[in-house]
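Text of the file start-v3.cif, holding mmCIF, C-alpha atoms:
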```cif
data_final
loop_
_atom_site.label_atom_id
_atom_site.label_comp_id
_atom_site.auth_asym_id
_atom_site.auth_seq_id
_atom_site.Cartn_x
_atom_site.Cartn_y
_atom_site.Cartn_z
CA MET A 13 0.00 0.00 0.00
CA ILE A 14 2.72 2.40 0.99
CA ARG A 15 4.80 1.39 -2.03
CA LYS A 16 1.82 1.93 -4.31
CA THR A 17 1.26 5.47 -2.92
CA VAL A 18 4.90 6.33 -3.43
CA TRP A 19 4.66 5.05 -7.00
CA ILE A 20 1.58 7.20 -7.69
CA ALA A 21 3.27 10.20 -6.12
CA GLY A 22 6.29 9.63 -8.31
CA LEU A 23 4.11 9.39 -11.39
CA LEU A 24 2.32 12.59 -10.47
CA ALA A 25 5.63 14.36 -9.96
CA THR A 26 6.82 13.20 -13.36
CA VAL A 27 3.64 14.39 -15.03
CA MET A 28 3.95 17.74 -13.30
CA VAL A 29 7.57 18.14 -14.39
CA LEU A 30 6.65 17.17 -17.93
CA THR A 31 3.77 19.62 -17.91
CA LEU A 32 6.04 22.39 -16.72
CA LEU A 33 8.62 21.52 -19.37
CA LEU A 34 5.96 21.48 -22.08
CA SER A 35 4.57 24.80 -20.89
CA ALA A 36 7.99 26.38 -20.96
CA GLY A 37 8.59 24.98 -24.43
CA SER A 38 5.41 26.41 -25.96
CA PRO A 39 4.74 30.04 -25.07
CA GLY A 40 1.29 29.99 -26.69
CA SER A 41 -0.08 27.32 -24.38
CA ALA A 42 -1.39 29.89 -21.84
CA ALA A 43 -4.01 30.92 -24.42
CA LYS A 44 -5.51 27.45 -24.16
CA ILE A 45 -7.07 28.40 -20.84
CA PRO A 46 -10.60 29.36 -21.97
CA GLN A 47 -11.27 33.07 -21.48
CA PRO A 48 -14.23 35.08 -22.71
CA ALA A 49 -13.14 37.16 -25.71
CA ALA A 50 -13.48 40.93 -25.37
CA ALA A 51 -13.03 43.88 -27.70
CA GLU A 52 -13.33 47.64 -27.38
CA VAL A 53 -14.76 50.38 -29.56
CA LYS A 54 -14.04 54.01 -28.71
CA VAL A 55 -16.69 56.60 -29.44
CA ASP A 56 -14.63 59.72 -30.00
CA ASN A 57 -14.89 62.88 -32.11
CA PHE A 58 -18.30 61.83 -33.40
CA SER A 59 -16.97 58.54 -34.81
CA PHE A 60 -16.64 54.87 -33.89
CA GLY A 61 -13.09 53.51 -33.71
CA PRO A 62 -12.44 51.13 -35.27
CA ALA A 63 -15.34 51.74 -37.64
CA THR A 64 -15.24 48.06 -38.62
CA LEU A 65 -14.34 45.58 -35.90
CA THR A 66 -13.79 41.88 -36.67
CA VAL A 67 -14.13 39.44 -33.75
CA PRO A 68 -14.65 35.71 -33.16
CA VAL A 69 -18.06 34.33 -32.18
CA GLY A 70 -18.72 34.79 -28.47
CA THR A 71 -16.86 38.10 -28.17
CA THR A 72 -18.21 40.79 -25.87
CA VAL A 73 -17.75 44.22 -27.47
CA THR A 74 -17.71 47.27 -25.21
CA TRP A 75 -18.30 50.80 -26.53
CA THR A 76 -17.07 53.74 -24.42
CA ASN A 77 -18.17 57.31 -25.11
CA ARG A 78 -15.15 59.63 -24.95
CA ASP A 79 -17.03 62.69 -26.29
CA ASP A 80 -18.48 65.67 -24.42
CA ILE A 81 -21.77 64.93 -26.16
CA PRO A 82 -24.02 61.90 -25.58
CA HIS A 83 -24.18 59.14 -28.18
CA THR A 84 -26.00 55.84 -28.67
CA VAL A 85 -25.03 52.50 -30.20
CA VAL A 86 -27.99 51.15 -32.16
CA SER A 87 -27.99 48.10 -34.44
CA THR A 88 -29.42 48.96 -37.87
CA ASP A 89 -31.13 45.54 -37.88
CA LYS A 90 -32.45 45.99 -34.31
CA VAL A 91 -30.18 43.32 -32.83
CA PHE A 92 -28.93 45.58 -30.01
CA LYS A 93 -29.60 49.08 -28.73
CA SER A 94 -27.82 51.01 -25.99
CA LYS A 95 -29.40 53.58 -23.76
CA VAL A 96 -28.02 57.10 -24.13
CA LEU A 97 -24.32 57.08 -23.22
CA ASP A 98 -23.09 60.28 -21.61
CA THR A 99 -19.36 61.00 -21.34
CA ASP A 100 -17.36 57.91 -20.21
CA GLU A 101 -20.44 55.67 -20.07
CA LYS A 102 -20.18 52.20 -21.59
CA PHE A 103 -22.36 49.71 -23.44
CA SER A 104 -21.54 46.02 -23.98
CA PHE A 105 -23.03 43.35 -26.20
CA THR A 106 -21.97 39.71 -26.65
CA PHE A 107 -22.07 38.42 -30.21
CA ALA A 108 -23.15 34.77 -30.10
CA LYS A 109 -23.73 34.34 -33.83
CA ALA A 110 -21.51 34.90 -36.85
CA GLY A 111 -22.53 37.69 -39.19
CA THR A 112 -22.11 41.38 -40.01
CA TYR A 113 -23.78 43.80 -37.62
CA PRO A 114 -24.03 47.39 -38.90
CA TYR A 115 -24.87 50.00 -36.27
CA PHE A 116 -25.12 53.79 -35.85
CA CYS A 117 -25.68 56.58 -33.33
CA SER A 118 -29.40 57.32 -33.39
CA ILE A 119 -28.73 60.90 -32.22
CA HIS A 120 -26.05 61.59 -34.85
CA PRO A 121 -26.91 59.16 -37.64
CA LYS A 122 -23.88 60.18 -39.71
CA MET A 123 -21.91 58.13 -37.17
CA THR A 124 -21.91 54.54 -38.42
CA GLY A 125 -19.89 51.41 -37.70
CA SER A 126 -20.04 47.65 -38.01
CA VAL A 127 -19.03 44.52 -36.14
CA VAL A 128 -18.05 41.48 -38.22
CA VAL A 129 -18.41 38.26 -36.20
CA GLN A 130 -16.57 35.21 -37.62
CA MET B 17 -32.42 101.27 -41.32
CA ALA B 18 -30.02 100.89 -38.45
CA LYS B 19 -26.41 101.89 -38.50
CA LYS B 20 -24.33 99.15 -39.98
CA ASN B 21 -22.13 97.38 -37.49
CA LYS B 22 -19.70 94.61 -38.15
CA ASP B 23 -21.54 92.05 -36.04
CA GLU B 24 -24.94 93.07 -37.25
CA ILE B 25 -26.74 91.45 -40.11
CA LEU B 26 -29.35 93.47 -41.89
CA HIS B 27 -31.30 92.12 -44.78
CA ASP B 28 -33.90 94.02 -46.67
CA HIS B 29 -35.08 92.07 -49.64
CA ASN B 30 -37.87 94.46 -50.50
CA ASN B 31 -35.82 96.03 -53.22
CA ASP B 32 -35.07 92.70 -54.75
CA GLY B 33 -38.67 91.72 -55.13
CA ILE B 34 -39.97 88.28 -54.60
CA ASP B 35 -39.52 87.21 -58.20
CA ARG B 36 -35.81 87.38 -57.92
CA ARG B 37 -34.27 84.21 -59.26
CA GLY B 38 -30.78 85.04 -58.20
CA PHE B 39 -29.07 83.26 -55.42
CA LEU B 40 -27.92 85.35 -52.53
CA LYS B 41 -25.83 83.77 -49.90
CA CYS B 42 -25.11 85.50 -46.65
CA MET B 43 -23.33 83.89 -43.81
CA ALA B 44 -22.44 85.26 -40.45
CA TRP B 45 -20.10 83.31 -38.27
CA ALA B 46 -20.30 85.39 -35.16
CA GLY B 47 -22.33 82.86 -33.22
CA THR B 48 -24.94 85.13 -31.75
CA GLY B 49 -28.60 85.24 -31.03
CA ALA B 50 -30.72 87.26 -33.36
CA LEU B 51 -33.60 89.62 -33.20
CA CYS B 52 -36.05 88.98 -35.98
CA VAL B 53 -38.29 91.79 -37.12
CA MET B 54 -40.91 90.83 -39.62
CA GLU B 55 -41.84 93.58 -42.00
CA GLY B 56 -44.31 92.67 -44.66
CA GLY B 57 -42.77 89.27 -44.95
CA ILE B 58 -39.12 90.37 -44.78
CA LEU B 59 -37.26 89.13 -41.79
CA LYS B 60 -34.72 91.71 -40.65
CA SER B 61 -31.76 90.55 -38.68
CA TYR B 62 -29.85 92.56 -36.12
CA SER B 63 -26.96 91.41 -33.99
CA LEU B 64 -28.19 91.37 -30.43
CA SER B 65 -25.01 92.88 -29.10
CA ARG B 66 -25.96 96.02 -31.03
CA LEU B 67 -29.59 96.05 -30.06
CA GLY B 68 -29.17 99.07 -27.85
CA GLU B 69 -28.28 101.11 -30.93
CA ILE B 70 -31.41 100.19 -32.83
CA SER B 71 -34.25 102.59 -32.18
CA ALA B 72 -37.68 101.46 -31.13
CA LYS B 73 -39.03 103.03 -34.32
CA GLU B 74 -36.80 100.89 -36.48
CA MET B 75 -37.81 97.82 -34.58
CA ALA B 76 -41.46 98.65 -34.74
CA GLY B 77 -43.65 96.44 -36.80
CA GLU B 78 -46.84 94.55 -36.46
CA LEU B 79 -45.15 91.71 -34.72
CA SER B 80 -41.96 91.15 -32.80
CA PHE B 81 -40.79 87.86 -31.34
CA VAL B 82 -37.59 86.23 -30.14
CA GLN B 83 -35.96 82.93 -31.06
CA ILE B 84 -33.70 81.14 -28.61
CA SER B 85 -32.08 77.78 -29.19
CA ASP B 86 -29.90 74.97 -27.90
CA SER B 87 -30.03 75.65 -24.16
CA HIS B 88 -28.63 72.14 -23.45
CA MET B 89 -29.69 72.34 -19.82
CA GLY B 90 -27.71 69.69 -17.94
CA PHE B 91 -24.51 70.13 -19.99
CA ASN B 92 -21.63 70.70 -17.54
CA LYS B 93 -18.44 70.19 -19.54
CA PRO B 94 -15.60 72.75 -19.86
CA ALA B 95 -17.15 74.45 -22.92
CA ASN B 96 -19.72 75.91 -20.47
CA PRO B 97 -20.02 74.65 -16.89
CA ASP B 98 -22.96 77.03 -16.24
CA VAL B 99 -25.59 76.70 -18.98
CA ALA B 100 -28.29 77.86 -16.54
CA GLY B 101 -26.34 81.09 -16.03
CA THR B 102 -26.02 81.81 -19.75
CA LEU B 103 -29.72 81.04 -20.31
CA LYS B 104 -30.49 83.59 -17.60
CA SER B 105 -28.25 86.08 -19.46
CA ALA B 106 -30.28 85.39 -22.61
CA VAL B 107 -33.49 86.17 -20.70
CA GLU B 108 -31.95 89.41 -19.42
CA LYS B 109 -31.06 90.30 -23.00
CA ILE B 110 -34.64 89.65 -24.08
CA ASN B 111 -35.99 91.72 -21.20
CA GLY B 112 -33.72 94.57 -22.23
CA LEU B 113 -35.16 94.82 -25.76
CA SER B 114 -36.63 98.24 -26.48
CA ARG B 115 -39.80 96.59 -27.64
CA ALA B 116 -40.97 93.61 -25.63
CA PRO B 117 -41.39 90.59 -27.90
CA GLU B 118 -44.85 89.09 -27.95
CA PHE B 119 -43.64 85.53 -27.60
CA MET B 120 -40.61 83.28 -27.88
CA LEU B 121 -39.71 80.35 -30.10
CA HIS B 122 -37.33 77.72 -28.74
CA THR B 123 -35.82 75.75 -31.61
CA GLY B 124 -34.82 72.69 -29.63
CA ASP B 125 -32.15 71.02 -27.55
CA ILE B 126 -33.90 72.53 -24.57
CA SER B 127 -32.25 69.82 -22.45
CA HIS B 128 -28.97 67.95 -22.80
CA LEU B 129 -30.18 64.48 -21.75
CA SER B 130 -34.02 64.71 -21.88
CA LYS B 131 -34.20 64.63 -18.07
CA PRO B 132 -37.35 66.04 -16.42
CA GLU B 133 -35.29 68.24 -14.09
CA GLU B 134 -33.48 69.75 -17.09
CA PHE B 135 -36.78 70.74 -18.73
CA ASP B 136 -37.99 72.02 -15.33
CA THR B 137 -34.97 74.31 -15.00
CA VAL B 138 -35.46 75.79 -18.48
CA ASP B 139 -39.19 76.34 -17.88
CA GLN B 140 -38.39 78.04 -14.60
CA ILE B 141 -35.74 80.38 -16.09
CA LEU B 142 -37.94 81.32 -19.06
CA LYS B 143 -40.74 82.33 -16.70
CA SER B 144 -38.82 85.49 -15.89
CA ALA B 145 -38.78 86.58 -19.55
CA SER B 146 -40.90 89.52 -20.65
CA ALA B 147 -42.53 87.31 -23.27
CA LYS B 148 -44.67 84.74 -21.51
CA ASP B 149 -45.62 82.38 -24.32
CA VAL B 150 -42.95 80.00 -25.59
CA PHE B 151 -43.44 77.77 -28.60
CA PHE B 152 -41.11 74.78 -28.64
CA VAL B 153 -39.90 72.27 -31.19
CA PRO B 154 -37.70 69.37 -30.06
CA GLY B 155 -34.02 68.87 -30.72
CA GLU B 156 -32.52 65.38 -30.78
CA HIS B 157 -31.38 65.89 -27.17
CA ASP B 158 -35.01 66.33 -26.06
CA VAL B 159 -36.26 62.97 -27.34
CA LEU B 160 -33.44 60.65 -26.30
CA ASN B 161 -35.04 57.89 -24.28
CA ASP B 162 -38.66 57.31 -25.15
CA ASP B 163 -39.17 58.36 -28.78
CA GLY B 164 -40.18 61.78 -27.54
CA LYS B 165 -43.06 60.63 -25.32
CA SER B 166 -42.11 62.72 -22.29
CA TYR B 167 -41.28 65.72 -24.50
CA LEU B 168 -44.73 65.53 -26.09
CA GLU B 169 -46.44 65.19 -22.72
CA ARG B 170 -44.80 68.41 -21.60
CA TYR B 171 -44.71 70.57 -24.76
CA GLY B 172 -46.84 68.88 -27.38
CA LYS B 173 -50.35 68.92 -25.96
CA ASN B 174 -51.78 70.79 -28.95
CA ALA B 175 -49.42 69.29 -31.49
CA LYS B 176 -50.11 66.87 -34.30
CA GLY B 177 -48.48 63.48 -34.86
CA GLY B 178 -44.87 63.64 -33.73
CA GLY B 179 -45.14 67.15 -32.28
CA TRP B 180 -45.62 69.47 -35.26
CA TYR B 181 -48.19 72.29 -35.19
CA SER B 182 -49.07 75.68 -36.63
CA PHE B 183 -50.60 78.91 -35.37
CA ASP B 184 -51.30 82.42 -36.61
CA LYS B 185 -50.20 85.72 -35.10
CA LYS B 186 -51.14 89.07 -36.64
CA GLY B 187 -51.47 87.67 -40.14
CA VAL B 188 -48.26 85.62 -40.00
CA HIS B 189 -48.55 81.85 -40.23
CA PHE B 190 -46.11 79.95 -37.97
CA MET B 191 -45.25 76.27 -38.48
CA GLY B 192 -43.28 74.33 -35.85
CA LEU B 193 -41.74 71.25 -37.46
CA VAL B 194 -40.03 68.16 -36.02
CA ASN B 195 -37.01 66.75 -37.88
CA VAL B 196 -35.18 64.89 -35.10
CA MET B 197 -37.21 61.67 -34.86
CA ASN B 198 -36.70 58.26 -36.52
CA LEU B 199 -33.31 59.20 -37.91
CA LYS B 200 -31.82 56.62 -40.27
CA ALA B 201 -28.25 55.30 -40.23
CA GLY B 202 -26.02 57.51 -42.35
CA GLY B 203 -28.78 60.05 -42.87
CA LEU B 204 -29.68 63.64 -41.93
CA GLY B 205 -32.65 65.18 -40.17
CA THR B 206 -35.98 63.82 -41.35
CA LEU B 207 -39.50 65.27 -41.52
CA GLY B 208 -41.15 62.08 -42.74
CA HIS B 209 -44.10 61.35 -44.97
CA GLU B 210 -46.84 62.03 -42.41
CA GLN B 211 -45.48 65.47 -41.53
CA LEU B 212 -44.92 66.40 -45.19
CA GLU B 213 -48.56 65.59 -45.92
CA TRP B 214 -49.60 67.73 -42.99
CA ILE B 215 -47.49 70.66 -44.27
CA GLU B 216 -49.13 70.45 -47.69
CA ASP B 217 -52.55 70.39 -46.11
CA ASP B 218 -51.81 73.09 -43.53
CA VAL B 219 -50.91 75.76 -46.08
CA GLN B 220 -53.41 74.77 -48.73
CA HIS B 221 -56.02 77.41 -47.91
CA LEU B 222 -53.67 80.28 -47.06
CA LYS B 223 -53.41 83.33 -49.30
CA HIS B 224 -50.10 83.49 -51.18
CA SER B 225 -49.43 86.86 -49.58
CA THR B 226 -49.44 85.34 -46.08
CA PRO B 227 -45.98 85.56 -44.55
CA ILE B 228 -44.83 82.12 -43.39
CA VAL B 229 -42.41 81.43 -40.55
CA VAL B 230 -41.15 77.85 -40.33
CA PHE B 231 -39.16 76.83 -37.26
CA ALA B 232 -37.45 73.50 -36.63
CA HIS B 233 -34.30 72.28 -34.87
CA ILE B 234 -32.03 70.90 -37.59
CA PRO B 235 -31.46 73.32 -40.51
CA LEU B 236 -33.89 72.83 -43.38
CA TRP B 237 -31.12 73.66 -45.84
CA SER B 238 -27.94 71.80 -46.51
CA VAL B 239 -25.46 73.58 -44.23
CA TYR B 240 -22.91 70.74 -43.97
CA PRO B 241 -24.23 67.23 -44.60
CA GLU B 242 -20.90 65.68 -43.58
CA TRP B 243 -21.79 66.63 -40.01
CA GLY B 244 -25.46 65.86 -40.42
CA TRP B 245 -26.33 69.56 -40.70
CA GLY B 246 -29.26 69.33 -43.05
CA THR B 247 -32.65 67.65 -43.51
CA GLU B 248 -33.17 64.78 -45.96
CA ASP B 249 -36.62 65.73 -47.17
CA SER B 250 -36.68 69.51 -46.62
CA ALA B 251 -36.86 70.17 -50.37
CA GLN B 252 -40.31 68.58 -50.44
CA ALA B 253 -41.48 70.76 -47.54
CA LEU B 254 -40.15 73.91 -49.20
CA ALA B 255 -41.83 72.94 -52.47
CA TYR B 256 -45.19 73.24 -50.69
CA LEU B 257 -44.21 76.77 -49.63
CA LYS B 258 -43.05 77.93 -53.07
CA LYS B 259 -46.26 79.80 -53.82
CA PHE B 260 -45.82 82.14 -50.86
CA GLY B 261 -44.15 85.51 -51.29
CA SER B 262 -42.33 85.43 -47.98
CA VAL B 263 -41.02 82.36 -46.18
CA THR B 264 -38.69 82.67 -43.21
CA VAL B 265 -37.03 79.49 -41.91
CA LEU B 266 -35.59 79.60 -38.38
CA ASN B 267 -33.37 76.76 -37.17
CA GLY B 268 -30.88 75.93 -34.41
CA HIS B 269 -28.70 72.82 -33.95
CA ILE B 270 -25.42 74.19 -35.31
CA HIS B 271 -24.74 76.63 -32.44
CA GLN B 272 -23.78 79.54 -34.70
CA THR B 273 -25.62 82.09 -36.79
CA MET B 274 -25.86 81.69 -40.51
CA GLN B 275 -28.12 83.11 -43.16
CA LYS B 276 -28.98 82.25 -46.70
CA VAL B 277 -31.57 83.66 -49.07
CA GLU B 278 -32.88 81.54 -51.88
CA GLY B 279 -35.74 82.95 -53.95
CA ASN B 280 -38.63 83.67 -51.63
CA VAL B 281 -37.06 81.85 -48.68
CA THR B 282 -34.78 83.32 -46.03
CA PHE B 283 -32.95 80.71 -43.97
CA HIS B 284 -31.52 81.58 -40.60
CA THR B 285 -29.85 79.63 -37.82
CA ALA B 286 -29.62 81.00 -34.28
CA ALA B 287 -26.78 80.83 -31.80
CA SER B 288 -26.96 78.55 -28.79
CA THR B 289 -27.46 79.88 -25.29
CA ALA B 290 -25.09 77.15 -24.01
CA PHE B 291 -21.89 76.62 -26.05
CA PRO B 292 -20.54 77.30 -29.55
CA GLN B 293 -19.76 74.68 -32.19
CA PRO B 294 -17.06 74.94 -34.87
CA GLN B 295 -17.65 76.31 -38.35
CA PRO B 296 -18.45 73.53 -40.83
CA GLY B 297 -15.40 71.40 -41.49
CA LYS B 298 -13.13 73.59 -39.37
CA ALA B 299 -12.62 70.90 -36.71
CA ASP B 300 -12.39 67.11 -36.51
CA SER B 301 -15.97 66.92 -35.29
CA PRO B 302 -18.92 69.19 -34.50
CA GLY B 303 -18.37 68.76 -30.74
CA PRO B 304 -18.58 71.68 -28.27
CA MET B 305 -15.97 74.36 -28.91
CA LYS B 306 -14.08 75.62 -25.90
CA VAL B 307 -13.31 79.32 -25.90
CA PRO B 308 -11.68 81.37 -23.12
CA ALA B 309 -14.25 81.95 -20.35
CA GLU B 310 -14.29 85.71 -20.91
CA GLN B 311 -15.20 85.19 -24.58
CA LEU B 312 -18.00 82.70 -24.03
CA LYS B 313 -20.87 85.19 -23.99
CA SER B 314 -19.67 86.72 -27.26
CA VAL B 315 -20.35 83.42 -29.04
CA LEU B 316 -23.77 82.80 -27.48
CA GLY B 317 -26.90 84.74 -28.25
CA ILE B 318 -30.54 85.24 -29.08
CA THR B 319 -32.46 86.15 -32.24
CA ASN B 320 -35.17 88.78 -32.54
CA VAL B 321 -37.62 88.86 -35.46
CA ASN B 322 -39.86 91.72 -36.54
CA TYR B 323 -42.63 91.91 -39.08
CA VAL B 324 -44.09 95.00 -40.66
CA GLN B 325 -47.13 94.61 -42.83
CA GLY B 326 -46.75 95.66 -46.45
CA ARG B 327 -43.09 94.82 -46.74
CA GLN B 328 -41.87 91.57 -48.09
CA ALA B 329 -39.49 90.05 -45.59
CA LEU B 330 -39.18 89.77 -41.86
CA GLY B 331 -36.26 91.35 -40.06
CA VAL B 332 -34.00 88.95 -38.22
CA VAL B 333 -31.56 90.31 -35.69
CA ASP B 334 -28.88 88.23 -34.00
CA SER B 335 -27.24 89.48 -30.86
CA THR B 336 -24.65 88.01 -28.57
CA LEU B 337 -24.95 87.68 -24.82
CA ALA B 338 -21.79 89.71 -24.32
#
```
Exercise: express the given structure as structure tokens:
Amino acid sequence: MIRKTVWIAGLLATVMVLTLLLSAGSPGSAAKIPQPAAAEVKVDNFSFGPATLTVPVGTTVTWTNRDDIPHTVVSTDKVFKSKVLDTDEKFSFTFAKAGTYPYFCSIHPKMTGSVVVQ
Amino acid sequence: MAKKNKDEILHDHNNDGIDRRGFLKCMAWAGTGALCVMEGGILKSYSLSRLGEISAKEMAGELSFVQISDSHMGFNKPANPDVAGTLKSAVEKINGLSRAPEFMLHTGDISHLSKPEEFDTVDQILKSASAKDVFFVPGEHDVLNDDGKSYLERYGKNAKGGGWYSFDKKGVHFMGLVNVMNLKAGGLGTLGHEQLEWIEDDVQHLKHSTPIVVFAHIPLWSVYPEWGWGTEDSAQALAYLKKFGSVTVLNGHIHQTMQKVEGNVTFHTAASTAFPQPQPGKADSPGPMKVPAEQLKSVLGITNVNYVQGRQALGVVDSTLA
């Protein structure tokens, strides 16, 4: 019984060492830990930046209003709609389905942007 | 006619006649309010900072009223941390006019964020004005959260559809239009089909000699479409007004004074009482323009309009709060 435990402990130690070695050998492996994807759009100078944002499915996009004037983020196809965002206020939406999502500011409709979800 | 001053805009189109086909373009960048004097359909414009120099006789007419615009109550950024204070200054300016205006027009953006307390503050400040009646049209900042429902409950009791209405004063027909609702992506201000039909119907039985005053928030002429400073379907509205000898269009939205005359129509935008905006294309965006504190009142203002029967155009006078 004791010998068996020691053997298991040894095996575990070996696996751990191997894991550490493998981790050190492949710098990209940290990305394998599942993390919700996030992306940012700045609302600044009466424009959305970037005007076209491409993200993977499942990404949460957050818009932040950097202007002295309120803006909104409204999907042209009525998929999402923010409340009025005053200076520094934010709006987030998670894109669960692939597709192209055009949007605009309903107060200043010359301001347009789009999110491409792949 | 008043002495000519550099920040004073005087237009008398009587000599031109209403059949004039030429295109006359006048622009004033001073960012002021204006006094509009209607004389037989001609709107005369005077810079409000010079109002003291204009005699009561010159201002006299059948009708005198004041336009104020873009109060943005609730705005508290560096461009003007005290918009209540500058609105009070505008009221003082109005109360100092040699001839008390009979009423006021507010061409929208009464509030900054459509909050009830912002509308309350404006209503309270305007109560101390010599002119008691105020006729409002909404700006996009007044209809932010509920498609204009709370705006209409407060200001639109006698309005049609989305808030438009008309009334007559001393032979002048006034039309308050709404062009800030249901805006489309990439587009400009919009009047919409229902309102256009109403405009056609509203003026159908008026004599062609009736002076018309149209007021709305976003300019009804193409000031600078790149910044959304225009109205998609204004040409249709103006087509219904073509038969009239005198049409005066009063707008706000762009926080600076500008004038243009096209045929029988005089277009005019008023200054804001809150903060100035840049000249078209002269900045990265149309956001609030910060000027040194001591200069702020020189870029804010009111507009006074006078009408004298038997003359063609109304007189529009802009004056600053300085």
Given the PyMOL selection byres ((chain B and resi 163-176) around 9), the residues it picks as a PyMOL selection string: chain B and resi 130+132+135+151-154+158-162+177-182+197-198+211+214
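Within 6 Å of chain A, chain B contributes the residues Ala201, Gly202, Gly203, Gly244 and Ser301 of chain B, using all atoms listed in the file.
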Enclose the full set of atoms of segment 193-200 of chain B listed in the file within a box whose edges lie along x, y and z, apply 6 Å of padding to each of the six sides, and report centre and edge lengths in Å to one decimal as AutoDock Vina command-line options.
```
--center_x -36.8 --center_y 63.9 --center_z -37.6 --size_x 21.9 --size_y 26.6 --size_z 17.4
```
Hey, what comes out of the PyMOL selection byres ((chain B and resi 226) around 8) on this file? Could you write it as number ranges by chain? B: 57, 187-189, 222-225, 227-228, 260-262
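With atom CA of Pro292 of chain B on one side and atom CA of Val315 of chain B on the other, the separation reads 6.1 Å.
For Gln295 of chain B, the non-local neighbours within 9 Å, defined as residues at least 4 positions apart in the same chain or in other chains and counting all atoms listed in the file, are Trp45, Ile270, Gln272, Ala299 and Pro302 of chain B.
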Could you write out that same residue set with C-alpha atoms as a short mmCIF file (atom, residue, chain, number, x, y, z; two decimals), in the coordinates of the input?
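Below is the file selection07.cif, written as the result:
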```cif
data_model
loop_
_atom_site.label_atom_id
_atom_site.label_comp_id
_atom_site.auth_asym_id
_atom_site.auth_seq_id
_atom_site.Cartn_x
_atom_site.Cartn_y
_atom_site.Cartn_z
CA TRP B 45 -20.10 83.31 -38.27
CA ILE B 270 -25.42 74.19 -35.31
CA GLN B 272 -23.78 79.54 -34.70
CA ALA B 299 -12.62 70.90 -36.71
CA PRO B 302 -18.92 69.19 -34.50
#
```
Got a sec: who's within 12 Å of Ser250 of chain B, counting all atoms listed in the file, leaving out chain neighbours fewer than 2 positions off, as a ChimeraX atom specification? /B:193-195,204-209,211-212,215,230,232,234-238,245-248,252-257,265
Residues within 12 Å of segment 61-69 of chain A, all atoms listed in the file, excluding chain neighbours under 2 positions, as a compact mmCIF listing (two decimals) with C-alpha atoms, in the coordinates of the input:
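The result, written out as result.txt:
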```
# COMPACT_ATOMS: atom_id res chain seq x y z
CA PRO A 48 -14.23 35.08 -22.71
CA ALA A 49 -13.14 37.16 -25.71
CA ALA A 50 -13.48 40.93 -25.37
CA ALA A 51 -13.03 43.88 -27.70
CA GLU A 52 -13.33 47.64 -27.38
CA VAL A 53 -14.76 50.38 -29.56
CA LYS A 54 -14.04 54.01 -28.71
CA VAL A 55 -16.69 56.60 -29.44
CA ASP A 56 -14.63 59.72 -30.00
CA ASN A 57 -14.89 62.88 -32.11
CA PHE A 58 -18.30 61.83 -33.40
CA SER A 59 -16.97 58.54 -34.81
CA THR A 71 -16.86 38.10 -28.17
CA THR A 72 -18.21 40.79 -25.87
CA VAL A 73 -17.75 44.22 -27.47
CA THR A 74 -17.71 47.27 -25.21
CA TRP A 75 -18.30 50.80 -26.53
CA THR A 76 -17.07 53.74 -24.42
CA ASN A 77 -18.17 57.31 -25.11
CA ARG A 78 -15.15 59.63 -24.95
CA PHE A 105 -23.03 43.35 -26.20
CA THR A 106 -21.97 39.71 -26.65
CA PHE A 107 -22.07 38.42 -30.21
CA ALA A 108 -23.15 34.77 -30.10
CA LYS A 109 -23.73 34.34 -33.83
CA ALA A 110 -21.51 34.90 -36.85
CA GLY A 111 -22.53 37.69 -39.19
CA THR A 112 -22.11 41.38 -40.01
CA TYR A 113 -23.78 43.80 -37.62
CA PRO A 114 -24.03 47.39 -38.90
CA TYR A 115 -24.87 50.00 -36.27
CA PHE A 116 -25.12 53.79 -35.85
CA MET A 123 -21.91 58.13 -37.17
CA THR A 124 -21.91 54.54 -38.42
CA GLY A 125 -19.89 51.41 -37.70
CA SER A 126 -20.04 47.65 -38.01
CA VAL A 127 -19.03 44.52 -36.14
CA VAL A 128 -18.05 41.48 -38.22
CA VAL A 129 -18.41 38.26 -36.20
CA GLN A 130 -16.57 35.21 -37.62
```
To verify the selection step, state as a PyMOL selection string which residues the PyMOL selection byres ((chain B and resi 83) around 6) yields on this input. chain B and resi 82+84+120-122+319
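Our summary of the geometry notes that atom CA of Ile126 of chain B is positioned 25.0 Å from atom CA of Leu330 of chain B.
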